[in-house]
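To be precise, the following lines are final-v2.pdb, and they hold PDB, C-alpha atoms, pLDDT in the B column.
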MODEL        1
ATOM      1  CA  MET A  13       0.000   0.000   0.000  1.00 91.00           C
ATOM      2  CA  VAL A  14       1.579   3.269  -1.151  1.00 96.00           C
ATOM      3  CA  LYS A  15       0.766   6.187   1.166  1.00 97.00           C
ATOM      4  CA  LEU A  16       0.041   9.292  -0.894  1.00 98.00           C
ATOM      5  CA  GLY A  17      -0.842  12.946  -0.571  1.00 96.00           C
ATOM      6  CA  VAL A  18      -2.376  15.300  -3.146  1.00 96.00           C
ATOM      7  CA  CYS A  19      -1.479  18.956  -3.520  1.00 94.00           C
ATOM      8  CA  GLY A  20      -4.047  21.018  -5.397  1.00 92.00           C
ATOM      9  CA  ALA A  21      -6.864  18.762  -4.217  1.00 93.00           C
ATOM     10  CA  THR A  22      -9.595  21.374  -4.731  1.00 92.00           C
ATOM     11  CA  GLY A  23      -8.802  21.793  -8.428  1.00 90.00           C
ATOM     12  CA  ARG A  24     -10.277  19.722 -11.242  1.00 88.00           C
ATOM     13  CA  MET A  25      -7.244  17.481 -11.694  1.00 90.00           C
ATOM     14  CA  GLY A  26      -6.463  17.287  -7.991  1.00 92.00           C
ATOM     15  CA  ALA A  27      -9.989  16.222  -7.120  1.00 94.00           C
ATOM     16  CA  GLU A  28      -9.883  13.556  -9.827  1.00 94.00           C
ATOM     17  CA  ALA A  29      -6.553  12.332  -8.427  1.00 96.00           C
ATOM     18  CA  CYS A  30      -8.028  12.015  -4.934  1.00 96.00           C
ATOM     19  CA  ARG A  31     -10.883   9.888  -6.252  1.00 96.00           C
ATOM     20  CA  ALA A  32      -8.518   7.665  -8.242  1.00 96.00           C
ATOM     21  CA  ILE A  33      -6.201   7.112  -5.272  1.00 97.00           C
ATOM     22  CA  ASP A  34      -9.141   6.277  -3.007  1.00 96.00           C
ATOM     23  CA  ALA A  35     -10.447   3.765  -5.545  1.00 96.00           C
ATOM     24  CA  ASP A  36      -7.118   1.981  -6.103  1.00 97.00           C
ATOM     25  CA  PRO A  37      -6.530  -0.964  -3.743  1.00 97.00           C
ATOM     26  CA  GLU A  38      -2.770  -0.412  -3.841  1.00 97.00           C
ATOM     27  CA  THR A  39      -2.783   3.240  -2.744  1.00 97.00           C
ATOM     28  CA  GLU A  40      -3.964   5.122   0.331  1.00 97.00           C
ATOM     29  CA  LEU A  41      -4.737   8.850   0.486  1.00 97.00           C
ATOM     30  CA  LEU A  42      -3.370  10.160   3.782  1.00 96.00           C
ATOM     31  CA  ALA A  43      -3.569  13.909   3.150  1.00 95.00           C
ATOM     32  CA  ALA A  44      -4.952  16.315   0.556  1.00 95.00           C
ATOM     33  CA  ILE A  45      -4.603  20.090   0.527  1.00 93.00           C
ATOM     34  CA  GLY A  46      -5.921  22.973  -1.527  1.00 89.00           C
ATOM     35  CA  SER A  47      -4.533  26.487  -1.914  1.00 79.00           C
ATOM     36  CA  ALA A  48      -5.161  27.238   1.774  1.00 79.00           C
ATOM     37  CA  GLY A  49      -3.242  24.188   3.006  1.00 83.00           C
ATOM     38  CA  SER A  50       0.431  23.750   3.834  1.00 88.00           C
ATOM     39  CA  VAL A  51       2.745  21.089   2.421  1.00 88.00           C
ATOM     40  CA  GLU A  52       3.955  20.579   5.984  1.00 91.00           C
ATOM     41  CA  GLU A  53       0.757  18.544   6.421  1.00 92.00           C
ATOM     42  CA  PHE A  54       2.263  15.847   4.219  1.00 94.00           C
ATOM     43  CA  VAL A  55       5.315  15.613   6.454  1.00 92.00           C
ATOM     44  CA  GLU A  56       3.105  15.309   9.535  1.00 92.00           C
ATOM     45  CA  ALA A  57       0.861  12.698   7.874  1.00 94.00           C
ATOM     46  CA  GLY A  58       3.788  10.451   6.976  1.00 94.00           C
ATOM     47  CA  VAL A  59       3.103  10.212   3.243  1.00 95.00           C
ATOM     48  CA  GLU A  60       5.598   8.465   0.991  1.00 97.00           C
ATOM     49  CA  ALA A  61       4.855  10.525  -2.115  1.00 97.00           C
ATOM     50  CA  VAL A  62       2.873  13.618  -3.085  1.00 97.00           C
ATOM     51  CA  VAL A  63       1.019  14.138  -6.352  1.00 96.00           C
ATOM     52  CA  ASP A  64       1.076  17.849  -7.278  1.00 94.00           C
ATOM     53  CA  PHE A  65      -1.541  19.320  -9.620  1.00 92.00           C
ATOM     54  CA  THR A  66      -1.133  23.001  -8.768  1.00 89.00           C
ATOM     55  CA  VAL A  67       0.604  25.730 -10.804  1.00 86.00           C
ATOM     56  CA  ALA A  68       4.260  26.315 -11.575  1.00 85.00           C
ATOM     57  CA  GLU A  69       4.710  28.994  -8.891  1.00 88.00           C
ATOM     58  CA  ALA A  70       3.330  26.691  -6.206  1.00 89.00           C
ATOM     59  CA  VAL A  71       5.442  23.758  -7.397  1.00 90.00           C
ATOM     60  CA  ARG A  72       8.599  25.819  -6.984  1.00 90.00           C
ATOM     61  CA  ALA A  73       7.747  26.371  -3.314  1.00 88.00           C
ATOM     62  CA  ASN A  74       6.235  22.951  -2.580  1.00 90.00           C
ATOM     63  CA  MET A  75       9.030  20.814  -3.965  1.00 93.00           C
ATOM     64  CA  GLY A  76      11.686  22.333  -1.744  1.00 92.00           C
ATOM     65  CA  VAL A  77       9.784  21.286   1.375  1.00 93.00           C
ATOM     66  CA  LEU A  78       9.106  17.768   0.076  1.00 95.00           C
ATOM     67  CA  ALA A  79      12.679  17.242  -1.092  1.00 95.00           C
ATOM     68  CA  ALA A  80      14.084  18.382   2.257  1.00 94.00           C
ATOM     69  CA  ALA A  81      11.762  15.929   4.030  1.00 95.00           C
ATOM     70  CA  GLY A  82      12.766  13.030   1.789  1.00 96.00           C
ATOM     71  CA  ILE A  83       9.256  12.698   0.336  1.00 97.00           C
ATOM     72  CA  HIS A  84       8.869  11.551  -3.266  1.00 97.00           C
ATOM     73  CA  ALA A  85       6.904  13.703  -5.719  1.00 97.00           C
ATOM     74  CA  VAL A  86       4.881  13.294  -8.898  1.00 97.00           C
ATOM     75  CA  VAL A  87       4.326  16.618 -10.654  1.00 95.00           C
ATOM     76  CA  GLY A  88       1.651  17.036 -13.300  1.00 90.00           C
ATOM     77  CA  THR A  89       1.949  20.810 -13.589  1.00 83.00           C
ATOM     78  CA  SER A  90       2.946  22.471 -16.859  1.00 75.00           C
ATOM     79  CA  GLY A  91       4.895  25.706 -17.207  1.00 77.00           C
ATOM     80  CA  LEU A  92       8.152  24.469 -15.656  1.00 82.00           C
ATOM     81  CA  GLY A  93      11.292  25.521 -17.484  1.00 84.00           C
ATOM     82  CA  ALA A  94      14.825  24.197 -17.736  1.00 87.00           C
ATOM     83  CA  ASP A  95      15.903  26.160 -14.673  1.00 92.00           C
ATOM     84  CA  ASP A  96      13.059  24.605 -12.670  1.00 93.00           C
ATOM     85  CA  LEU A  97      14.108  21.118 -13.708  1.00 93.00           C
ATOM     86  CA  ASP A  98      17.712  21.865 -12.773  1.00 94.00           C
ATOM     87  CA  GLY A  99      16.476  23.002  -9.357  1.00 94.00           C
ATOM     88  CA  LEU A 100      14.491  19.810  -8.862  1.00 95.00           C
ATOM     89  CA  ARG A 101      17.436  17.709  -9.967  1.00 95.00           C
ATOM     90  CA  ALA A 102      19.658  19.456  -7.427  1.00 94.00           C
ATOM     91  CA  GLY A 103      17.055  19.341  -4.652  1.00 95.00           C
ATOM     92  CA  PHE A 104      15.893  15.738  -4.751  1.00 96.00           C
ATOM     93  CA  VAL A 105      18.943  14.097  -3.216  1.00 96.00           C
ATOM     94  CA  ARG A 106      16.994  12.011  -0.666  1.00 96.00           C
ATOM     95  CA  SER A 107      13.965  11.067  -2.753  1.00 97.00           C
ATOM     96  CA  HIS A 108      12.768  11.010  -6.359  1.00 97.00           C
ATOM     97  CA  CYS A 109      10.648  13.410  -8.400  1.00 96.00           C
ATOM     98  CA  VAL A 110       8.753  12.545 -11.593  1.00 96.00           C
ATOM     99  CA  VAL A 111       7.667  15.495 -13.750  1.00 94.00           C
ATOM    100  CA  ALA A 112       5.240  14.589 -16.527  1.00 91.00           C
ATOM    101  CA  PRO A 113       3.607  17.100 -18.896  1.00 81.00           C
ATOM    102  CA  ASN A 114       0.861  14.562 -19.600  1.00 88.00           C
ATOM    103  CA  PHE A 115      -0.269  11.429 -17.728  1.00 92.00           C
ATOM    104  CA  ALA A 116      -2.530  10.088 -20.477  1.00 93.00           C
ATOM    105  CA  LEU A 117      -0.949   6.888 -21.773  1.00 94.00           C
ATOM    106  CA  GLY A 118      -2.148   7.598 -25.301  1.00 95.00           C
ATOM    107  CA  ALA A 119      -0.491  11.030 -25.268  1.00 94.00           C
ATOM    108  CA  VAL A 120       2.813   9.486 -24.220  1.00 93.00           C
ATOM    109  CA  LEU A 121       2.543   6.995 -27.067  1.00 95.00           C
ATOM    110  CA  MET A 122       1.658   9.821 -29.483  1.00 96.00           C
ATOM    111  CA  THR A 123       4.926  11.576 -28.632  1.00 95.00           C
ATOM    112  CA  ARG A 124       6.831   8.341 -29.113  1.00 95.00           C
ATOM    113  CA  PHE A 125       5.147   7.644 -32.469  1.00 97.00           C
ATOM    114  CA  ALA A 126       5.900  11.208 -33.627  1.00 98.00           C
ATOM    115  CA  ALA A 127       9.585  10.754 -32.807  1.00 97.00           C
ATOM    116  CA  LEU A 128       9.667   7.489 -34.750  1.00 97.00           C
ATOM    117  CA  ALA A 129       7.964   9.092 -37.769  1.00 98.00           C
ATOM    118  CA  ALA A 130      10.195  12.184 -37.711  1.00 98.00           C
ATOM    119  CA  LYS A 131      13.025  10.223 -39.294  1.00 97.00           C
ATOM    120  CA  TYR A 132      10.987   9.655 -42.455  1.00 97.00           C
ATOM    121  CA  PHE A 133       9.476  13.108 -43.115  1.00 98.00           C
ATOM    122  CA  ASP A 134      11.032  16.528 -43.635  1.00 96.00           C
ATOM    123  CA  THR A 135       8.091  18.789 -42.750  1.00 98.00           C
ATOM    124  CA  ALA A 136       5.949  18.726 -39.635  1.00 98.00           C
ATOM    125  CA  GLU A 137       3.661  20.919 -37.549  1.00 98.00           C
ATOM    126  CA  VAL A 138       2.016  20.407 -34.177  1.00 98.00           C
ATOM    127  CA  ILE A 139      -1.434  21.671 -33.227  1.00 98.00           C
ATOM    128  CA  GLU A 140      -2.443  21.459 -29.571  1.00 98.00           C
ATOM    129  CA  LEU A 141      -5.990  22.236 -28.453  1.00 97.00           C
ATOM    130  CA  HIS A 142      -7.059  22.777 -24.846  1.00 96.00           C
ATOM    131  CA  HIS A 143      -9.902  24.077 -22.723  1.00 94.00           C
ATOM    132  CA  ALA A 144     -10.355  27.812 -22.282  1.00 95.00           C
ATOM    133  CA  ARG A 145      -9.050  27.787 -18.696  1.00 90.00           C
ATOM    134  CA  LYS A 146      -5.527  26.701 -19.621  1.00 89.00           C
ATOM    135  CA  VAL A 147      -3.326  29.729 -19.017  1.00 85.00           C
ATOM    136  CA  ASP A 148      -0.015  28.658 -20.606  1.00 86.00           C
ATOM    137  CA  ALA A 149       0.834  28.028 -24.250  1.00 92.00           C
ATOM    138  CA  PRO A 150       2.094  25.950 -25.865  1.00 93.00           C
ATOM    139  CA  SER A 151       1.264  22.956 -23.721  1.00 92.00           C
ATOM    140  CA  GLY A 152       3.969  20.908 -22.059  1.00 87.00           C
ATOM    141  CA  THR A 153       2.933  17.936 -24.178  1.00 91.00           C
ATOM    142  CA  ALA A 154       3.406  19.905 -27.401  1.00 95.00           C
ATOM    143  CA  MET A 155       6.864  21.027 -26.328  1.00 93.00           C
ATOM    144  CA  ALA A 156       7.825  17.498 -25.283  1.00 90.00           C
ATOM    145  CA  THR A 157       6.644  16.261 -28.697  1.00 95.00           C
ATOM    146  CA  VAL A 158       8.629  18.736 -30.786  1.00 97.00           C
ATOM    147  CA  GLU A 159      11.701  18.204 -28.598  1.00 95.00           C
ATOM    148  CA  ALA A 160      11.472  14.454 -29.211  1.00 95.00           C
ATOM    149  CA  MET A 161      10.998  14.992 -32.951  1.00 98.00           C
ATOM    150  CA  ALA A 162      13.922  17.405 -33.169  1.00 97.00           C
ATOM    151  CA  GLU A 163      16.125  14.963 -31.294  1.00 96.00           C
ATOM    152  CA  ALA A 164      15.106  12.157 -33.656  1.00 97.00           C
ATOM    153  CA  SER A 165      15.889  14.131 -36.819  1.00 96.00           C
ATOM    154  CA  GLY A 166      17.743  17.324 -37.674  1.00 91.00           C
ATOM    155  CA  ASP A 167      16.790  17.223 -41.354  1.00 93.00           C
ATOM    156  CA  TRP A 168      13.806  19.554 -41.736  1.00 96.00           C
ATOM    157  CA  ALA A 169      12.832  21.553 -44.822  1.00 95.00           C
ATOM    158  CA  PRO A 170      12.740  25.370 -44.425  1.00 93.00           C
ATOM    159  CA  ASP A 171       9.376  27.103 -44.087  1.00 93.00           C
ATOM    160  CA  PRO A 172       8.349  28.340 -47.550  1.00 92.00           C
ATOM    161  CA  THR A 173       6.309  31.244 -46.104  1.00 93.00           C
ATOM    162  CA  ALA A 174       7.646  34.541 -47.487  1.00 92.00           C
ATOM    163  CA  GLY A 175       5.478  36.803 -45.361  1.00 92.00           C
ATOM    164  CA  GLU A 176       2.551  36.897 -42.948  1.00 92.00           C
ATOM    165  CA  SER A 177      -0.358  39.255 -43.542  1.00 94.00           C
ATOM    166  CA  LEU A 178      -1.358  38.441 -39.957  1.00 95.00           C
ATOM    167  CA  PRO A 179       1.679  38.223 -37.618  1.00 93.00           C
ATOM    168  CA  GLY A 180       1.836  34.900 -35.836  1.00 92.00           C
ATOM    169  CA  ALA A 181      -0.268  33.068 -38.420  1.00 95.00           C
ATOM    170  CA  ARG A 182       2.440  30.434 -38.794  1.00 95.00           C
ATOM    171  CA  GLY A 183       2.494  29.741 -35.059  1.00 95.00           C
ATOM    172  CA  GLY A 184       5.405  29.609 -32.667  1.00 96.00           C
ATOM    173  CA  ARG A 185       8.671  27.867 -33.429  1.00 95.00           C
ATOM    174  CA  GLY A 186       9.771  24.911 -31.379  1.00 95.00           C
ATOM    175  CA  PRO A 187      13.070  23.016 -31.505  1.00 95.00           C
ATOM    176  CA  ALA A 188      14.397  22.515 -35.061  1.00 95.00           C
ATOM    177  CA  GLY A 189      11.985  25.260 -36.133  1.00 95.00           C
ATOM    178  CA  ILE A 190       8.960  22.948 -36.032  1.00 97.00           C
ATOM    179  CA  PRO A 191       5.817  25.155 -35.922  1.00 97.00           C
ATOM    180  CA  VAL A 192       3.516  24.784 -32.915  1.00 98.00           C
ATOM    181  CA  HIS A 193      -0.037  26.146 -32.905  1.00 98.00           C
ATOM    182  CA  SER A 194      -2.119  26.553 -29.730  1.00 98.00           C
ATOM    183  CA  VAL A 195      -5.926  26.597 -29.607  1.00 98.00           C
ATOM    184  CA  ARG A 196      -7.899  27.583 -26.472  1.00 98.00           C
ATOM    185  CA  LEU A 197     -11.613  26.898 -26.762  1.00 97.00           C
ATOM    186  CA  LYS A 198     -14.574  26.194 -24.526  1.00 97.00           C
ATOM    187  CA  GLY A 199     -15.782  22.595 -24.792  1.00 95.00           C
ATOM    188  CA  LEU A 200     -12.313  21.081 -25.238  1.00 95.00           C
ATOM    189  CA  VAL A 201     -10.314  19.097 -22.690  1.00 92.00           C
ATOM    190  CA  ALA A 202      -6.871  18.240 -24.136  1.00 93.00           C
ATOM    191  CA  HIS A 203      -6.102  17.301 -27.735  1.00 97.00           C
ATOM    192  CA  GLN A 204      -3.083  17.255 -30.037  1.00 98.00           C
ATOM    193  CA  GLU A 205      -2.344  16.602 -33.690  1.00 98.00           C
ATOM    194  CA  VAL A 206       1.074  15.970 -35.153  1.00 98.00           C
ATOM    195  CA  LEU A 207       1.057  16.538 -38.915  1.00 98.00           C
ATOM    196  CA  LEU A 208       3.971  15.191 -40.961  1.00 98.00           C
ATOM    197  CA  GLY A 209       4.376  15.589 -44.696  1.00 98.00           C
ATOM    198  CA  GLY A 210       6.572  14.153 -47.425  1.00 96.00           C
ATOM    199  CA  PRO A 211       6.407  13.821 -51.215  1.00 96.00           C
ATOM    200  CA  GLY A 212       2.855  12.763 -52.110  1.00 97.00           C
ATOM    201  CA  GLU A 213       1.751  11.815 -48.585  1.00 98.00           C
ATOM    202  CA  THR A 214       0.903  13.043 -45.113  1.00 98.00           C
ATOM    203  CA  LEU A 215       0.726  11.324 -41.757  1.00 98.00           C
ATOM    204  CA  THR A 216      -1.501  12.541 -38.925  1.00 98.00           C
ATOM    205  CA  ILE A 217      -1.019  11.338 -35.366  1.00 98.00           C
ATOM    206  CA  ARG A 218      -3.796  12.535 -33.064  1.00 98.00           C
ATOM    207  CA  HIS A 219      -4.685  12.020 -29.446  1.00 97.00           C
ATOM    208  CA  ASP A 220      -7.916  13.179 -27.804  1.00 97.00           C
ATOM    209  CA  THR A 221      -8.565  13.367 -24.095  1.00 94.00           C
ATOM    210  CA  ILE A 222     -12.329  13.521 -23.657  1.00 92.00           C
ATOM    211  CA  ASP A 223     -12.376  13.197 -19.872  1.00 90.00           C
ATOM    212  CA  ARG A 224      -9.840  13.910 -17.115  1.00 87.00           C
ATOM    213  CA  SER A 225     -10.122  10.314 -15.955  1.00 91.00           C
ATOM    214  CA  ALA A 226      -7.753   9.537 -18.856  1.00 93.00           C
ATOM    215  CA  PHE A 227      -4.882  10.977 -16.814  1.00 93.00           C
ATOM    216  CA  MET A 228      -5.432   8.779 -13.780  1.00 95.00           C
ATOM    217  CA  PRO A 229      -3.906   5.416 -14.855  1.00 95.00           C
ATOM    218  CA  GLY A 230      -0.652   7.149 -15.720  1.00 95.00           C
ATOM    219  CA  MET A 231      -0.690   9.198 -12.525  1.00 95.00           C
ATOM    220  CA  LEU A 232      -1.220   6.079 -10.412  1.00 96.00           C
ATOM    221  CA  LEU A 233       1.517   4.236 -12.273  1.00 95.00           C
ATOM    222  CA  ALA A 234       3.963   7.082 -11.614  1.00 96.00           C
ATOM    223  CA  ALA A 235       2.934   7.385  -7.954  1.00 96.00           C
ATOM    224  CA  LYS A 236       3.528   3.680  -7.335  1.00 96.00           C
ATOM    225  CA  ARG A 237       6.785   3.626  -9.267  1.00 95.00           C
ATOM    226  CA  VAL A 238       8.345   6.773  -7.791  1.00 96.00           C
ATOM    227  CA  VAL A 239       8.613   5.263  -4.292  1.00 95.00           C
ATOM    228  CA  THR A 240      10.838   2.496  -5.692  1.00 95.00           C
ATOM    229  CA  LEU A 241      13.328   4.871  -7.310  1.00 94.00           C
ATOM    230  CA  GLY A 242      16.497   6.271  -5.833  1.00 94.00           C
ATOM    231  CA  PRO A 243      17.157  10.004  -5.465  1.00 96.00           C
ATOM    232  CA  GLY A 244      16.881  12.095  -8.610  1.00 96.00           C
ATOM    233  CA  LEU A 245      14.576  13.453 -11.301  1.00 96.00           C
ATOM    234  CA  THR A 246      12.668  11.756 -14.107  1.00 94.00           C
ATOM    235  CA  VAL A 247      11.087  13.914 -16.814  1.00 91.00           C
ATOM    236  CA  GLY A 248       8.214  12.400 -18.761  1.00 88.00           C
ATOM    237  CA  LEU A 249       5.938   9.458 -18.190  1.00 88.00           C
ATOM    238  CA  GLY A 250       7.613   7.723 -21.123  1.00 85.00           C
ATOM    239  CA  GLU A 251      10.726   7.286 -19.004  1.00 82.00           C
ATOM    240  CA  VAL A 252       8.610   5.642 -16.291  1.00 84.00           C
ATOM    241  CA  LEU A 253       7.018   3.336 -18.876  1.00 82.00           C
ATOM    242  CA  GLY A 254      10.365   2.556 -20.443  1.00 80.00           C
ATOM    243  CA  ILE A 255       9.454   3.831 -23.925  1.00 79.00           C
TER     244      ILE A 255
ENDMDL
END
Output the file's structure as structure tokens, nothing else.
Amino acid sequence: MVKLGVCGATGRMGAEACRAIDADPETELLAAIGSAGSVEEFVEAGVEAVVDFTVAEAVRANMGVLAAAGIHAVVGTSGLGADDLDGLRAGFVRSHCVVAPNFALGAVLMTRFAALAAKYFDTAEVIELHHARKVDAPSGTAMATVEAMAEASGDWAPDPTAGESLPGARGGRGPAGIPVHSVRLKGLVAHQEVLLGGPGETLTIRHDTIDRSAFMPGMLLAAKRVVTLGPGLTVGLGEVLGI
């Protein structure tokens, strides 16, 4: 039985995480806090690991306390940069931290498939679509996808666009110059398309999250696995899955 805590328990994802942990016979929810709570409660409750679904600013404060206490962490918050990851890597010397931009298993596989396909195409674009309450863009999943594609292949054709009548129409530029487009719309949850093109053909890899319950199997897998790992940092659920 893995003893867990949830930070951000009053939010949509945090509340879903609490329900999933309660329903899993291999996990036990010992403490859950919202914005008014203190991460010190996890230390007092004796949790082994904390699942954090807050915001980047809160993660920066929360993780220092957990790392100092030797408590493992699973972070599902987007908006963390390279400096944040370096800080987590330096801080978690007694326990382990898993940072995953997306816990949906299908989304992890989508990123992996896109990296495999990148070797065989020389043009690609990524379109990520999320609910209207998402405050950061592009999504962490989109950035993880283009990073994986750029690492898989450095041979990309230049953008033929000579000019934009509407600035920004070609989207932002990720690693290797791969365009990334962000959509924020009511009625959506989390969706992403990877479009790849070559002579006479295109390949579309798409993942749709239609309910937040899709994130729970991956979250539970990471929460159970993190307590078995030595000190350090793992970025991406794919690393946890071994893909």
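Each of A:Glu213, A:Thr157, A:Val86, A:Val55 was compared to Leu128 in chain A using all atoms listed in the file, and A:Thr157 turns out to be the nearest.
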Using all atoms listed in the file, what table do you get, as a tab-separated table, when you list each residue of range 142-220 of chain A with an atom no more than 12 Å from range 61-67 of chain A, its nearest pair of atoms, and their distance in Å rounded to one decimal, rows by chain then rising number?
residue	atom	partner	partner_atom	distance
A:Lys146	CA	A:Val67	CA	10.8
A:Val147	CA	A:Val67	CA	9.9
A:Asp148	CA	A:Val67	CA	10.2
**Report entry** Point-to-point distance from CA of Gly166 in chain A to CA of His219 in chain A, Å rounded to tenths
**Finding:**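 Going from CA of Gly166 in chain A over to CA of His219 in chain A, I get 24.5 Å.
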Could you expand the PyMOL selection byres ((chain A and resi 198) around 7) into the explicit residues it covers here, written as an mmCIF file with C-alpha atoms, in the coordinates of the input?
data_model
loop_
_atom_site.group_PDB
_atom_site.id
_atom_site.type_symbol
_atom_site.label_atom_id
_atom_site.label_comp_id
_atom_site.auth_asym_id
_atom_site.auth_seq_id
_atom_site.Cartn_x
_atom_site.Cartn_y
_atom_site.Cartn_z
ATOM 1 C CA HIS A 143 -9.902 24.077 -22.723
ATOM 2 C CA ALA A 144 -10.355 27.812 -22.282
ATOM 3 C CA LEU A 197 -11.613 26.898 -26.762
ATOM 4 C CA GLY A 199 -15.782 22.595 -24.792
ATOM 5 C CA LEU A 200 -12.313 21.081 -25.238
#
Report summary line: note - CA of Ile83 in chain A and CA of Thr39 in chain A are separated by 15.6 Å
Query raised in the report: Can you find the residues with an atom no farther than 9 Å from (-2.8, 10.9, -22.5), counting all atoms listed in the file, and report them as a ChimeraX atom specification?
Result: /A:114-122,202-203,219-221,226-227,230
Write to file, as a JSON list (two decimals), in the coordinates of the input, the residues of the selection just made, with C-alpha atoms.
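Written file, part-v1.json:
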[["chain", "number", "residue", "atom", "x", "y", "z"],
["A", 114, "ASN", "CA", 0.86, 14.56, -19.60],
["A", 115, "PHE", "CA", -0.27, 11.43, -17.73],
["A", 116, "ALA", "CA", -2.53, 10.09, -20.48],
["A", 117, "LEU", "CA", -0.95, 6.89, -21.77],
["A", 118, "GLY", "CA", -2.15, 7.60, -25.30],
["A", 119, "ALA", "CA", -0.49, 11.03, -25.27],
["A", 120, "VAL", "CA", 2.81, 9.49, -24.22],
["A", 121, "LEU", "CA", 2.54, 7.00, -27.07],
["A", 122, "MET", "CA", 1.66, 9.82, -29.48],
["A", 202, "ALA", "CA", -6.87, 18.24, -24.14],
["A", 203, "HIS", "CA", -6.10, 17.30, -27.74],
["A", 219, "HIS", "CA", -4.68, 12.02, -29.45],
["A", 220, "ASP", "CA", -7.92, 13.18, -27.80],
["A", 221, "THR", "CA", -8.56, 13.37, -24.10],
["A", 226, "ALA", "CA", -7.75, 9.54, -18.86],
["A", 227, "PHE", "CA", -4.88, 10.98, -16.81],
["A", 230, "GLY", "CA", -0.65, 7.15, -15.72]]
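Using the PyMOL selection byres ((chain A and resi 104) around 10) on this structure selects Met75, Gly76, Leu78, Ala79, Ala80, Ala81, Gly82, Ile83, His84, Ala85, Gly99, Leu100, Arg101, Ala102, Gly103, Val105, Arg106, Ser107, His108, Cys109, Gly242, Pro243, Gly244 and Leu245 of chain A.
For the structure shown here, the set of residues caught by the PyMOL selection byres ((chain A and resi 217) around 8) is Met122, Phe125, Ala126, Glu205, Val206, Leu207, Leu215, Thr216, Arg218 and His219 of chain A.
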